[in-house]
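*Asks:* Sharing coords.cif below, mmCIF, C-alpha atoms and all ligand atoms:
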```cif
data_target
#
loop_
_atom_site.label_atom_id
_atom_site.label_comp_id
_atom_site.auth_asym_id
_atom_site.auth_seq_id
_atom_site.Cartn_x
_atom_site.Cartn_y
_atom_site.Cartn_z
CA MET A 1 57.67 4.23 2.16
CA ALA A 2 59.84 1.66 0.36
CA ARG A 3 59.36 1.77 -3.38
CA ALA A 4 57.97 -1.79 -3.64
CA VAL A 5 55.38 -1.08 -0.92
CA ASP A 6 54.55 2.25 -2.55
CA VAL A 7 53.83 0.67 -5.93
CA THR A 8 52.04 -2.39 -4.48
CA THR A 9 49.67 -0.32 -2.33
CA SER A 10 48.97 2.01 -5.25
CA ILE A 11 48.06 -1.00 -7.41
CA ALA A 12 45.86 -2.23 -4.53
CA ALA A 13 44.09 1.15 -4.49
CA THR A 14 43.33 0.80 -8.21
CA VAL A 15 42.07 -2.77 -7.77
CA THR A 16 39.93 -1.73 -4.79
CA ARG A 17 38.16 0.79 -7.07
CA LEU A 18 37.73 -1.96 -9.68
CA ALA A 19 39.90 0.03 -12.10
CA GLN A 20 37.47 2.95 -12.37
CA GLY A 21 39.26 5.79 -14.13
CA LEU A 22 41.23 3.48 -16.44
CA SER A 23 39.39 3.93 -19.74
CA VAL A 24 37.41 6.51 -21.63
CA GLY A 25 33.70 5.83 -22.03
CA ARG A 26 31.10 7.76 -24.00
CA PRO A 27 32.56 11.27 -24.04
CA GLY A 28 30.40 14.03 -25.51
CA ARG A 29 31.09 17.65 -26.43
CA ARG A 30 34.32 19.27 -25.25
CA PRO A 31 34.59 22.27 -22.91
CA GLU A 32 36.04 25.39 -24.49
CA GLN A 33 37.61 26.67 -21.30
CA PRO A 34 39.45 24.48 -18.79
CA LEU A 35 37.62 23.06 -15.81
CA VAL A 36 39.08 23.85 -12.38
CA LEU A 37 39.04 21.30 -9.55
CA TYR A 38 39.87 21.94 -5.91
CA ASP A 39 40.57 18.57 -4.32
CA PHE A 40 43.00 16.45 -2.41
CA GLU A 41 44.29 13.14 -3.61
CA SER A 42 43.16 10.83 -0.77
CA CYS A 43 39.63 12.21 -0.52
CA PRO A 44 37.21 9.46 -1.69
CA PHE A 45 34.68 12.03 -2.89
CA CYS A 46 37.34 13.82 -4.95
CA ARG A 47 38.34 10.43 -6.40
CA LYS A 48 34.82 10.00 -7.85
CA VAL A 49 35.21 13.29 -9.71
CA ARG A 50 38.72 12.52 -10.95
CA GLU A 51 37.50 9.12 -12.21
CA ALA A 52 34.72 10.88 -14.10
CA LEU A 53 37.28 13.25 -15.67
CA THR A 54 39.24 10.24 -16.99
CA THR A 55 36.08 8.47 -18.20
CA LEU A 56 34.96 11.60 -20.05
CA ASP A 57 38.50 12.30 -21.33
CA LEU A 58 38.54 15.77 -19.77
CA ASP A 59 41.51 17.88 -18.74
CA ALA A 60 41.32 20.06 -15.65
CA ASP A 61 43.35 22.61 -13.72
CA ILE A 62 44.00 20.99 -10.36
CA ARG A 63 44.30 23.22 -7.29
CA PRO A 64 45.51 20.82 -4.58
CA CYS A 65 44.07 21.45 -1.12
CA PRO A 66 45.74 19.06 1.35
CA LYS A 67 44.73 19.25 5.00
CA GLY A 68 46.65 22.01 6.78
CA GLY A 69 47.38 23.82 3.50
CA HIS A 70 46.49 27.42 2.68
CA ARG A 71 47.62 28.02 -0.91
CA PHE A 72 44.31 27.02 -2.48
CA ARG A 73 42.12 26.22 0.54
CA ASP A 74 41.91 29.92 1.37
CA GLU A 75 41.15 30.73 -2.28
CA LEU A 76 38.34 28.14 -2.27
CA VAL A 77 36.77 29.52 0.91
CA GLU A 78 36.79 32.97 -0.67
CA ARG A 79 35.28 31.58 -3.85
CA GLY A 80 32.75 29.07 -2.57
CA GLY A 81 32.27 29.93 1.08
CA LYS A 82 33.55 26.76 2.77
CA ALA A 83 36.48 24.30 2.82
CA GLN A 84 34.77 21.21 1.45
CA PHE A 85 36.21 19.01 -1.26
CA PRO A 86 35.76 18.41 -4.15
CA TYR A 87 34.75 21.75 -5.66
CA LEU A 88 34.46 22.12 -9.41
CA VAL A 89 34.42 25.38 -11.32
CA ASP A 90 33.08 25.08 -14.86
CA PRO A 91 33.48 28.46 -16.59
CA ASN A 92 31.71 27.09 -19.68
CA SER A 93 28.40 26.65 -17.90
CA GLY A 94 28.99 29.33 -15.27
CA LYS A 95 28.52 26.66 -12.60
CA ALA A 96 30.54 26.04 -9.45
CA LEU A 97 29.61 22.95 -7.47
CA TYR A 98 30.48 21.31 -4.17
CA GLU A 99 28.87 17.83 -3.80
CA SER A 100 30.85 15.08 -5.60
CA GLU A 101 27.80 13.35 -7.09
CA ASP A 102 26.34 16.66 -8.27
CA ILE A 103 29.68 17.32 -9.94
CA VAL A 104 29.77 13.85 -11.58
CA ARG A 105 26.18 14.29 -12.82
CA HIS A 106 27.06 17.75 -14.14
CA LEU A 107 30.13 16.43 -15.98
CA PHE A 108 28.19 13.59 -17.62
CA ALA A 109 25.30 15.88 -18.53
CA GLU A 110 27.59 18.51 -20.10
CA TYR A 111 30.46 16.46 -21.50
CA GLY A 112 29.19 12.88 -21.75
CA ASP A 113 26.91 10.91 -23.98
CA GLY A 114 24.97 8.95 -21.39
CA PRO A 115 24.55 8.57 -17.63
CA PRO A 116 27.46 8.05 -15.20
CA PRO A 117 28.49 4.39 -14.73
CA ALA A 118 26.83 2.74 -11.70
CA LEU A 119 30.22 2.10 -10.05
CA SER A 120 31.07 5.81 -10.14
CA MET A 121 28.30 6.83 -7.73
CA GLY A 122 26.69 5.90 -4.43
CA PRO A 123 27.85 4.34 -1.16
CA PHE A 124 29.92 1.62 -2.88
CA ALA A 125 32.02 4.26 -4.63
CA THR A 126 32.52 6.16 -1.37
CA LEU A 127 33.38 3.05 0.64
CA SER A 128 35.71 1.50 -1.93
CA GLY A 129 37.27 4.94 -2.50
CA SER A 130 37.97 5.20 1.24
CA LEU A 131 39.49 1.71 1.26
CA ALA A 132 41.64 2.67 -1.72
CA SER A 133 42.96 5.64 0.29
CA ALA A 134 43.52 3.38 3.31
CA TRP A 135 45.97 1.32 1.23
CA ARG A 136 47.97 4.51 0.69
CA LEU A 137 48.40 5.09 4.44
CA GLY A 138 47.40 8.73 4.36
CA LYS A 139 49.51 9.80 1.37
CA GLY A 140 48.03 12.75 -0.49
CA THR A 141 46.26 14.04 2.64
CA ARG A 142 48.41 16.42 4.70
CA VAL A 143 50.37 19.44 3.50
CA GLU A 144 54.16 19.51 3.38
CA PRO A 145 55.91 22.89 3.35
CA SER A 146 56.74 24.02 -0.18
CA LYS A 147 57.68 26.91 -2.43
CA PRO A 148 55.00 27.91 -4.97
CA PRO A 149 55.88 27.54 -8.66
CA ALA A 150 55.67 30.68 -10.80
CA GLN A 151 53.63 28.79 -13.41
CA PRO A 152 51.46 25.68 -12.99
CA LEU A 153 53.00 22.34 -13.91
CA GLU A 154 51.51 19.87 -16.40
CA LEU A 155 50.84 16.17 -15.77
CA TRP A 156 49.73 13.49 -18.24
CA SER A 157 47.97 10.81 -16.22
CA PHE A 158 44.80 8.82 -15.75
CA GLU A 159 43.06 8.21 -12.47
CA ALA A 160 43.65 4.45 -12.18
CA SER A 161 47.36 4.62 -13.06
CA PRO A 162 49.25 3.42 -9.95
CA PHE A 163 52.45 5.28 -10.87
CA SER A 164 50.61 8.50 -11.71
CA ARG A 165 48.85 8.34 -8.32
CA ILE A 166 52.23 8.44 -6.56
CA VAL A 167 53.08 11.66 -8.44
CA ARG A 168 49.63 13.22 -7.89
CA GLU A 169 49.97 12.60 -4.15
CA LYS A 170 53.26 14.51 -4.11
CA LEU A 171 51.86 17.38 -6.20
CA CYS A 172 48.97 17.46 -3.74
CA THR A 173 50.95 17.50 -0.50
CA LEU A 174 53.30 20.17 -1.91
CA GLU A 175 50.24 22.22 -3.04
CA LEU A 176 51.60 22.44 -6.58
CA PRO A 177 48.95 23.48 -9.12
CA TYR A 178 48.93 21.61 -12.41
CA ARG A 179 47.05 21.10 -15.65
CA LEU A 180 45.89 17.48 -15.59
CA HIS A 181 45.85 15.92 -19.06
CA ASN A 182 43.82 12.72 -18.92
CA VAL A 183 45.01 10.04 -21.30
CA GLY A 184 43.10 6.93 -20.22
CA ARG A 185 42.72 3.93 -22.48
CA GLY A 186 40.83 4.99 -25.60
CA SER A 187 41.62 8.69 -25.03
CA ALA A 188 41.36 10.96 -28.06
CA ASN A 189 44.30 12.84 -26.54
CA ARG A 190 46.74 9.95 -26.94
CA PRO A 191 47.94 10.81 -30.49
CA ALA A 192 48.76 14.38 -29.39
CA PHE A 193 50.43 13.00 -26.27
CA LEU A 194 52.56 10.63 -28.37
CA GLU A 195 53.55 13.57 -30.57
CA ARG A 196 54.38 15.73 -27.55
CA ALA A 197 56.20 13.20 -25.37
CA GLY A 198 57.64 10.75 -27.89
CA LYS A 199 55.92 7.75 -26.26
CA VAL A 200 52.66 7.01 -24.49
CA GLN A 201 53.68 6.43 -20.88
CA VAL A 202 52.29 8.00 -17.71
CA PRO A 203 53.06 9.79 -15.52
CA PHE A 204 54.68 12.42 -17.71
CA LEU A 205 55.49 15.71 -15.98
CA VAL A 206 56.32 19.00 -17.63
CA ASP A 207 57.60 21.81 -15.44
CA PRO A 208 57.72 24.99 -17.54
CA ASN A 209 59.52 26.78 -14.69
CA GLY A 210 62.65 24.70 -15.09
CA GLY A 211 62.17 23.49 -18.65
CA VAL A 212 61.95 19.96 -17.27
CA GLU A 213 60.17 16.96 -18.84
CA MET A 214 60.18 13.60 -17.03
CA PHE A 215 58.55 10.17 -17.16
CA GLU A 216 59.57 8.04 -14.17
CA SER A 217 57.39 8.42 -11.06
CA ALA A 218 60.19 7.94 -8.50
CA GLU A 219 62.35 10.49 -10.34
CA ILE A 220 59.47 12.93 -10.62
CA VAL A 221 58.76 12.70 -6.88
CA ALA A 222 62.45 13.27 -6.08
CA TYR A 223 62.52 16.24 -8.48
CA LEU A 224 59.42 17.81 -6.93
CA ASP A 225 60.82 17.38 -3.41
CA GLU A 226 64.17 18.87 -4.38
CA THR A 227 62.72 21.75 -6.40
CA TYR A 228 59.67 22.75 -4.39
CA GLY A 229 59.98 21.07 -0.96
CA ALA A 230 60.96 23.57 1.71
N1 LIG A 301 28.99 14.90 0.40
C1 LIG A 301 30.24 15.54 0.05
C2 LIG A 301 31.27 15.12 1.07
C3 LIG A 301 32.59 15.83 0.84
C4 LIG A 301 33.52 15.69 2.02
O1 LIG A 301 33.13 15.30 3.14
N2 LIG A 301 34.80 16.03 1.79
C5 LIG A 301 35.79 16.04 2.85
C6 LIG A 301 37.11 15.44 2.34
S1 LIG A 301 36.97 13.73 1.92
C7 LIG A 301 36.11 17.47 3.24
O2 LIG A 301 35.84 18.38 2.48
N3 LIG A 301 36.69 17.67 4.42
C8 LIG A 301 37.09 18.97 4.86
C9 LIG A 301 38.54 19.13 4.89
O3 LIG A 301 39.29 18.31 4.35
O4 LIG A 301 38.98 20.13 5.47
C10 LIG A 301 30.62 15.13 -1.36
O5 LIG A 301 30.20 14.05 -1.84
O6 LIG A 301 31.30 15.91 -2.04
#
```
What is this file in structure tokens?
Ligand SMILES: N[C@@H](CCC(=O)N[C@@H](CS)C(=O)NCC(=O)O)C(=O)O
*Replies:*
Amino acid sequence: MARAVDVTTSIAATVTRLAQGLSVGRPGRRPEQPLVLYDFESCPFCRKVREALTTLDLDADIRPCPKGGHRFRDELVERGGKAQFPYLVDPNSGKALYESEDIVRHLFAEYGDGPPPALSMGPFATLSGSLASAWRLGKGTRVEPSKPPAQPLELWSFEASPFSRIVREKLCTLELPYRLHNVGRGSANRPAFLERAGKVQVPFLVDPNGGVEMFESAEIVAYLDETYGA
């Protein structure tokens, strides 16, 4: 996909979801242990959960499960019993959940200070989330052959960021696990991010396997393809 089309359709996806997953809103207590999410980027149900993670300013360990992949799909089936996405594991509450709206309700109940926003739930969220994926012409859906990293990567991002989406899609199709650091507008994590990265700009990728730190989405995608694409 030409770069201009790539960026324009990613912006269209954000607009189609009315910029859900842009800002932090009413976060509550913080989890002690990291949340784990099995998802794939283009899934509209998974999008609802990722938007909630940004709204609640929560990090998560992402286990990408693109269609045709085995690296984490097989692990999920062993863990939960079926290949259905999203699936959230919350070691803090001892809960593991399939249904997206159950997951969003759980996240707001445990880590929020109020109910989920109306736009984050229901048929409108599913429909607009599907339309958002349609703009992306299937990106972040099907597996591409890849080599597994020895250690998970780290990505600073927020759900509505058009440039971060392009990187998340590539991490997804290559089945590369990563710690997602959400730094939406108003995030309490932004000062630490500024300290760590030198500026507040997303996406920001850290690959501990190669000692690599990068900002630019097109360069990150090229790096991931070169390093992990088979
Ligand atoms: N009601 C479920 C629907 C989840 C769902 O249908 N997920 C699709 C992906 S969008 C799925 O798991 N498909 C199986 C697959 O991709 O193999 C929810 O809200 O979580």
*Asks:* Any residue with an atom at most 12 Å from ligand LIG 301 (chain A) counts, using only C-alpha atoms and all ligand atoms. Which are they? Put them as number ranges by chain.
*Replies:* A: 38-49, 64-70, 72-74, 76-77, 82-88, 97-105, 120-123, 125-127, 129-130, 133, 138, 140-143
*Asks:* I'd like the neighbourhood of Asn209 of chain A as an MDAnalysis selection string, where a residue qualifies if any of its atoms comes within 9 Å (using all atoms listed in the file), though same-chain residues fewer than 3 positions away should be ignored.
*Replies:* chainID A and resid 149:153 206 212
*Asks:* For a quick check of understanding, using all atoms listed in the file, which of A:Met1, A:Leu180, A:Ala52, A:Val36 has the smallest distance to Lys139 of chain A?
*Replies:*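 With all atoms listed in the file as the atom set, the closest residue is A:Met1.
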*Asks:* Quick one: pull the distance between atom CA of Asp225 of chain A and atom CA of Pro177 of chain A, Å, one decimal.
*Replies:* 14.5 Å
*Asks:* Restore N, CA and C atoms in segment 102-137 of chain A and list the result as a short mmCIF file (atom, residue, chain, number, x, y, z; two decimals), in the frame of the given file.
*Replies:*
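Listed below is the output, selection_35.cif:
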```
data_model
loop_
_atom_site.label_atom_id
_atom_site.label_comp_id
_atom_site.auth_asym_id
_atom_site.auth_seq_id
_atom_site.Cartn_x
_atom_site.Cartn_y
_atom_site.Cartn_z
N ASP A 102 26.88 15.57 -7.42
CA ASP A 102 26.34 16.66 -8.27
C ASP A 102 27.35 17.00 -9.35
N ILE A 103 28.62 16.99 -8.97
CA ILE A 103 29.68 17.32 -9.94
C ILE A 103 29.73 16.24 -11.02
N VAL A 104 29.71 14.94 -10.60
CA VAL A 104 29.77 13.85 -11.58
C VAL A 104 28.57 13.93 -12.52
N ARG A 105 27.39 14.17 -11.96
CA ARG A 105 26.18 14.29 -12.82
C ARG A 105 26.34 15.45 -13.80
N HIS A 106 26.86 16.58 -13.28
CA HIS A 106 27.06 17.75 -14.14
C HIS A 106 28.01 17.42 -15.28
N LEU A 107 29.12 16.74 -14.95
CA LEU A 107 30.13 16.43 -15.98
C LEU A 107 29.54 15.52 -17.06
N PHE A 108 28.78 14.50 -16.63
CA PHE A 108 28.19 13.59 -17.62
C PHE A 108 27.10 14.28 -18.43
N ALA A 109 26.36 15.17 -17.80
CA ALA A 109 25.30 15.88 -18.53
C ALA A 109 25.91 16.82 -19.57
N GLU A 110 27.00 17.50 -19.20
CA GLU A 110 27.59 18.51 -20.10
C GLU A 110 28.55 17.91 -21.11
N TYR A 111 29.33 16.91 -20.67
CA TYR A 111 30.46 16.46 -21.50
C TYR A 111 30.44 14.96 -21.76
N GLY A 112 29.31 14.30 -21.50
CA GLY A 112 29.19 12.88 -21.75
C GLY A 112 28.07 12.61 -22.74
N ASP A 113 27.94 11.34 -23.05
CA ASP A 113 26.91 10.91 -23.98
C ASP A 113 26.14 9.75 -23.33
N GLY A 114 25.69 9.99 -22.12
CA GLY A 114 24.97 8.95 -21.39
C GLY A 114 25.12 9.19 -19.89
N PRO A 115 24.49 8.37 -19.08
CA PRO A 115 24.55 8.57 -17.63
C PRO A 115 25.89 8.09 -17.06
N PRO A 116 26.23 8.53 -15.84
CA PRO A 116 27.46 8.05 -15.20
C PRO A 116 27.39 6.55 -14.96
N PRO A 117 28.52 5.83 -15.04
CA PRO A 117 28.49 4.39 -14.73
C PRO A 117 28.06 4.15 -13.29
N ALA A 118 27.36 3.03 -13.05
CA ALA A 118 26.83 2.74 -11.70
C ALA A 118 27.95 2.73 -10.66
N LEU A 119 29.13 2.23 -11.03
CA LEU A 119 30.22 2.10 -10.05
C LEU A 119 30.82 3.45 -9.66
N SER A 120 30.45 4.51 -10.41
CA SER A 120 31.07 5.81 -10.14
C SER A 120 30.31 6.59 -9.07
N MET A 121 29.15 6.08 -8.64
CA MET A 121 28.30 6.83 -7.73
C MET A 121 27.87 5.96 -6.55
N GLY A 122 27.34 6.62 -5.51
CA GLY A 122 26.69 5.90 -4.43
C GLY A 122 27.64 5.42 -3.35
N PRO A 123 27.06 4.74 -2.33
CA PRO A 123 27.85 4.34 -1.16
C PRO A 123 29.00 3.40 -1.51
N PHE A 124 28.81 2.53 -2.53
CA PHE A 124 29.92 1.62 -2.88
C PHE A 124 31.14 2.42 -3.33
N ALA A 125 30.90 3.45 -4.14
CA ALA A 125 32.02 4.26 -4.63
C ALA A 125 32.71 4.97 -3.47
N THR A 126 31.92 5.46 -2.51
CA THR A 126 32.52 6.16 -1.37
C THR A 126 33.32 5.19 -0.51
N LEU A 127 32.72 4.02 -0.22
CA LEU A 127 33.38 3.05 0.64
C LEU A 127 34.65 2.49 -0.01
N SER A 128 34.54 2.07 -1.27
CA SER A 128 35.71 1.50 -1.93
C SER A 128 36.77 2.59 -2.16
N GLY A 129 36.32 3.83 -2.36
CA GLY A 129 37.27 4.94 -2.50
C GLY A 129 38.00 5.21 -1.19
N SER A 130 37.31 5.03 -0.07
CA SER A 130 37.97 5.20 1.24
C SER A 130 38.96 4.07 1.48
N LEU A 131 38.57 2.85 1.10
CA LEU A 131 39.49 1.71 1.26
C LEU A 131 40.72 1.89 0.38
N ALA A 132 40.50 2.41 -0.82
CA ALA A 132 41.64 2.67 -1.72
C ALA A 132 42.62 3.64 -1.05
N SER A 133 42.09 4.67 -0.40
CA SER A 133 42.96 5.64 0.29
C SER A 133 43.64 4.99 1.48
N ALA A 134 42.93 4.06 2.15
CA ALA A 134 43.52 3.38 3.31
C ALA A 134 44.79 2.62 2.90
N TRP A 135 44.77 2.01 1.71
CA TRP A 135 45.97 1.32 1.23
C TRP A 135 47.15 2.27 1.18
N ARG A 136 46.89 3.54 0.90
CA ARG A 136 47.97 4.51 0.69
C ARG A 136 48.46 5.15 1.99
N LEU A 137 47.90 4.68 3.12
CA LEU A 137 48.40 5.09 4.44
C LEU A 137 48.50 6.60 4.59
#
```
